[in-house]
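Data from my_file-v3.tsv: TSV, C-alpha atoms
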```
chain	number	residue	atom	x	y	z
K	222	MET	CA	-1.06	-12.44	-11.96
K	223	SER	CA	-3.42	-9.98	-10.26
K	224	ASP	CA	-3.67	-6.20	-10.43
K	225	ILE	CA	-2.55	-3.97	-7.56
K	226	VAL	CA	-4.50	-0.86	-6.52
K	227	LEU	CA	-2.66	1.58	-4.23
K	228	GLN	CA	-4.01	4.08	-1.73
K	229	SER	CA	-2.06	6.40	0.54
K	230	ASP	CA	-2.01	9.79	2.18
K	231	TYR	CA	1.38	10.58	0.56
K	232	GLY	CA	0.19	12.86	-2.24
K	233	LEU	CA	1.58	12.46	-5.73
K	234	GLY	CA	5.34	12.48	-6.09
K	235	ASN	CA	8.24	10.60	-4.57
K	236	GLY	CA	6.20	8.64	-2.04
K	237	THR	CA	3.86	7.24	-4.66
K	238	SER	CA	6.73	6.55	-7.04
K	239	ASN	CA	8.47	4.56	-4.30
K	240	LEU	CA	5.43	2.28	-3.95
K	241	TYR	CA	5.43	1.61	-7.71
K	242	GLY	CA	9.16	0.93	-7.66
K	243	VAL	CA	8.92	-1.61	-4.85
K	244	CYS	CA	6.16	-3.49	-6.71
K	245	LYS	CA	8.09	-3.47	-9.99
K	246	ARG	CA	11.23	-4.81	-8.24
K	247	VAL	CA	9.20	-7.86	-7.19
K	248	ASP	CA	7.79	-8.37	-10.69
K	249	PRO	CA	8.22	-5.86	-13.55
K	250	GLY	CA	5.09	-7.22	-15.24
K	251	LEU	CA	2.71	-6.20	-12.46
K	252	LYS	CA	-0.09	-3.81	-13.38
K	253	ILE	CA	-0.47	-1.09	-10.76
K	254	TYR	CA	-3.28	1.44	-10.45
K	255	ASP	CA	-4.01	4.32	-8.09
K	256	LEU	CA	-7.13	4.47	-5.96
K	257	SER	CA	-6.05	7.73	-4.34
K	258	HIS	CA	-2.94	9.31	-2.89
K	259	ALA	CA	-4.90	12.38	-1.79
K	260	VAL	CA	-6.40	10.88	1.36
K	261	PRO	CA	-6.13	13.63	4.00
K	262	GLY	CA	-3.25	12.88	6.38
K	263	PHE	CA	-4.01	9.87	8.57
K	264	ASP	CA	-7.75	9.95	7.70
K	265	ILE	CA	-8.61	6.30	8.32
K	266	ARG	CA	-12.34	6.88	7.84
K	267	ARG	CA	-11.79	8.32	4.34
K	268	ALA	CA	-9.44	5.44	3.46
K	269	SER	CA	-12.11	2.97	4.57
K	270	GLU	CA	-14.83	4.74	2.56
K	271	ASN	CA	-12.61	4.87	-0.55
K	272	LEU	CA	-12.03	1.12	-0.39
K	273	THR	CA	-15.71	0.40	0.14
K	274	ALA	CA	-16.64	2.47	-2.92
K	275	VAL	CA	-14.09	0.81	-5.22
K	276	VAL	CA	-13.45	-2.81	-4.14
K	277	PRO	CA	-16.74	-4.17	-5.55
K	278	ALA	CA	-15.94	-2.81	-9.02
K	279	TRP	CA	-12.68	-4.79	-9.37
K	280	PRO	CA	-12.40	-8.48	-10.26
K	281	ALA	CA	-11.72	-11.20	-7.71
K	282	GLY	CA	-8.03	-11.51	-6.95
K	283	THR	CA	-7.30	-7.77	-7.11
K	284	VAL	CA	-4.86	-6.72	-4.38
K	285	PHE	CA	-5.44	-3.37	-2.66
K	286	ALA	CA	-2.72	-1.81	-0.50
K	287	SER	CA	-3.77	1.07	1.74
K	288	ALA	CA	-0.98	3.03	3.44
K	289	VAL	CA	-2.95	5.38	5.68
K	290	ASP	CA	-1.83	4.91	9.26
K	291	PRO	CA	-1.32	7.45	12.04
K	292	ALA	CA	0.40	4.78	14.16
K	293	THR	CA	3.19	3.83	11.73
K	294	GLY	CA	6.20	2.63	13.66
K	295	THR	CA	4.24	1.48	16.69
K	296	GLU	CA	3.46	-2.05	17.81
K	297	HIS	CA	0.15	-2.71	16.08
K	298	LEU	CA	-1.05	-5.30	13.62
K	299	VAL	CA	-0.76	-4.95	9.89
K	300	CYS	CA	-3.03	-7.34	8.04
K	301	ALA	CA	-4.23	-8.86	4.81
K	302	ALA	CA	-7.97	-9.31	4.52
K	303	LYS	CA	-9.82	-11.46	2.00
K	304	THR	CA	-13.20	-10.05	1.01
K	305	VAL	CA	-16.38	-11.96	0.20
K	306	SER	CA	-15.86	-10.94	-3.43
K	307	GLY	CA	-12.37	-12.52	-3.49
K	308	SER	CA	-10.27	-9.35	-3.41
K	309	TYR	CA	-7.46	-8.74	-0.92
K	310	ILE	CA	-6.77	-5.63	1.16
K	311	LEU	CA	-3.42	-5.06	2.87
K	312	THR	CA	-3.50	-2.33	5.50
K	313	ALA	CA	-2.84	-1.55	9.13
K	314	ASP	CA	-5.51	-3.02	11.38
K	315	ASN	CA	-6.46	0.48	12.49
K	316	GLY	CA	-10.10	0.82	11.44
K	317	THR	CA	-9.49	1.03	7.68
K	318	LEU	CA	-11.35	-2.25	7.22
K	319	SER	CA	-14.47	-1.08	9.12
K	320	ALA	CA	-16.65	0.00	6.21
K	321	VAL	CA	-15.36	-2.84	4.03
K	322	ALA	CA	-16.35	-5.39	6.66
K	323	ASP	CA	-19.81	-3.85	6.97
K	324	THR	CA	-20.61	-3.49	3.27
K	325	VAL	CA	-18.43	-5.76	1.15
K	326	GLY	CA	-17.74	-8.39	3.81
K	327	ILE	CA	-14.49	-9.96	5.00
K	328	VAL	CA	-14.13	-13.74	5.20
K	329	GLU	CA	-10.57	-14.05	6.49
K	330	VAL	CA	-7.84	-11.86	7.92
K	331	ARG	CA	-4.12	-12.60	8.41
K	332	ASP	CA	-1.46	-10.88	10.50
K	333	ILE	CA	1.33	-9.89	8.08
K	334	THR	CA	3.37	-7.92	10.63
K	335	ALA	CA	6.24	-10.45	10.69
K	336	LEU	CA	6.42	-10.59	6.90
K	337	LEU	CA	6.74	-6.81	6.72
K	338	ARG	CA	9.96	-6.95	8.70
K	339	ALA	CA	11.37	-9.33	6.05
K	340	TYR	CA	11.29	-6.62	3.35
K	341	PRO	CA	14.83	-6.78	1.90
K	342	GLU	CA	15.34	-3.00	1.87
K	343	TYR	CA	14.08	-2.57	5.43
K	344	ALA	CA	15.03	0.75	6.97
K	345	ASP	CA	13.24	3.24	9.15
K	346	GLY	CA	11.67	6.16	7.40
K	347	ALA	CA	8.49	8.00	6.58
K	348	LEU	CA	7.55	5.65	3.73
K	349	LEU	CA	8.45	2.43	5.54
K	350	HIS	CA	4.86	1.30	6.06
K	351	GLY	CA	3.86	1.98	2.46
K	352	LYS	CA	6.91	0.27	0.98
K	353	ASP	CA	6.34	-2.76	3.20
K	354	LEU	CA	2.69	-2.97	2.12
K	355	ALA	CA	3.63	-2.54	-1.54
K	356	TRP	CA	6.17	-5.35	-1.24
K	357	CYS	CA	3.66	-7.72	0.35
K	358	ALA	CA	1.00	-6.73	-2.19
K	359	ALA	CA	3.42	-7.46	-5.03
K	360	LEU	CA	4.33	-10.86	-3.57
K	361	LEU	CA	0.64	-11.76	-3.41
K	362	ALA	CA	-0.34	-10.28	-6.80
K	363	SER	CA	2.58	-11.95	-8.60
K	364	GLY	CA	1.82	-15.35	-7.07
K	365	GLN	CA	5.13	-15.53	-5.21
K	366	ARG	CA	3.17	-15.89	-1.95
K	367	SER	CA	-0.30	-17.26	-1.40
K	368	PHE	CA	-2.72	-15.48	0.91
K	369	GLU	CA	-2.21	-18.27	3.47
K	370	GLU	CA	1.56	-17.77	3.35
K	371	LEU	CA	1.36	-14.09	4.28
K	372	GLY	CA	0.91	-14.79	7.99
K	373	PRO	CA	-1.24	-16.44	10.63
K	374	ALA	CA	-5.02	-16.06	10.54
K	375	TYR	CA	-6.88	-14.26	13.30
K	376	ALA	CA	-10.58	-13.74	13.98
K	377	VAL	CA	-12.34	-11.36	11.62
K	378	GLU	CA	-14.48	-10.22	14.56
K	379	THR	CA	-11.39	-8.76	16.25
K	380	ILE	CA	-10.41	-6.25	13.55
K	381	VAL	CA	-10.29	-2.67	14.81
K	382	ARG	CA	-13.53	-0.78	14.15
K	383	LEU	CA	-14.07	2.94	13.86
```

Please express what this file holds, its structure, as structure tokens.
Amino acid sequence: MSDIVLQSDYGLGNGTSNLYGVCKRVDPGLKIYDLSHAVPGFDIRRASENLTAVVPAWPAGTVFASAVDPATGTEHLVCAAKTVSGSYILTADNGTLSAVADTVGIVEVRDITALLRAYPEYADGALLHGKDLAWCAALLASGQRSFEELGPAYAVETIVRL
């Protein structure tokens, strides 16, 4: 079992608690930590910088979920990236992976958009993206899904850059 590290622009409170709850419903034994929930609203650059500063400090296998996305609810890719160091980052493919790709390195990326729509409590709402990411992160961290089972691979070179 791997640790989960959460990041969002939700602030502390109900939004963050929802992310924890979704993870614990998948596996009550998961260990969940906060990177930050104080990312300024929709600040993709800050989210990217936060990940770059922290990912190298965590052991291989750690699963990061970053719910900072100004385009939530639109038709864009949501992905899982595997870093050179063996960590995983689940986020919208919106530029959040830019600094990570440049400094930590990304070896593989998978489109998890279809898996998100399989979340059993699926409903529209402000926290939809975060709850979906938390669910996928928990599946990966608990070993219920392998990285390869999250979705089809696509070229690392095509991730959105800031």

*Neighbour list for range 369-373 of chain K as a PyMOL selection string, cut-off 8 Å, only C-alpha atoms, skip fewer than 5 positions in-chain*: chain K and resi 301+331-336+357

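Each of K:Pro280, K:Arg266, K:Gly232, K:Asn239 was checked against Val305 in chain K using only C-alpha atoms; the smallest atom-to-atom distance is that of K:Pro280.
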
*Need the neighbours of (2.1, -4.8, 2.8): which residues are at most 9 Å away, counting all atoms listed in the file, as a ChimeraX atom specification?*
/K:286-288,299-301,311-313,333-334,336-337,350-359

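The coordinates place CA of Ile380 in chain K at 7.9 Å from CA of Ser319 in chain K.
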
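Rounded to one decimal, CA of Asp323 in chain K and CA of Ile225 in chain K lie 22.6 Å from each other.
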
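Distance check against Pro261 in chain K using only C-alpha atoms: of K:Val381, K:Pro277, K:Ser229, K:Ala339, the minimum falls on K:Ser229.
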
_So, with only C-alpha atoms as the atoms that count, which of K:Ser223, K:Gln365, K:Thr317, K:Ser238 lies closest to Asp255 in chain K?_
K:Ser238

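Taking CA of Asp264 in chain K and CA of Asp290 in chain K as endpoints, the distance between them is 7.9 Å.
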
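Compared by their closest atoms to Arg366 in chain K, and using all atoms listed in the file, the residues K:Glu329, K:Val247, K:Ala274, K:Leu298 rank with K:Val247 nearest.
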
_If we count only C-alpha atoms and set the cut-off at 10 Å, which residues sit around Val275 in chain K, ignoring sequence neighbours fewer than 5 positions away in its own chain? Please answer as a ChimeraX atom specification._
/K:226,256,270,285

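Comparing K:Ala374, K:Val284, K:Ala278, K:Leu233 by their smallest distance to Ala259 in chain K, the closest is K:Leu233 (using all atoms listed in the file).
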
_Here is a test: counting all atoms listed in the file, which residue of K:Val330, K:Leu227, K:Leu361, K:Cys244 is nearest to Ser257 in chain K?_
K:Leu227
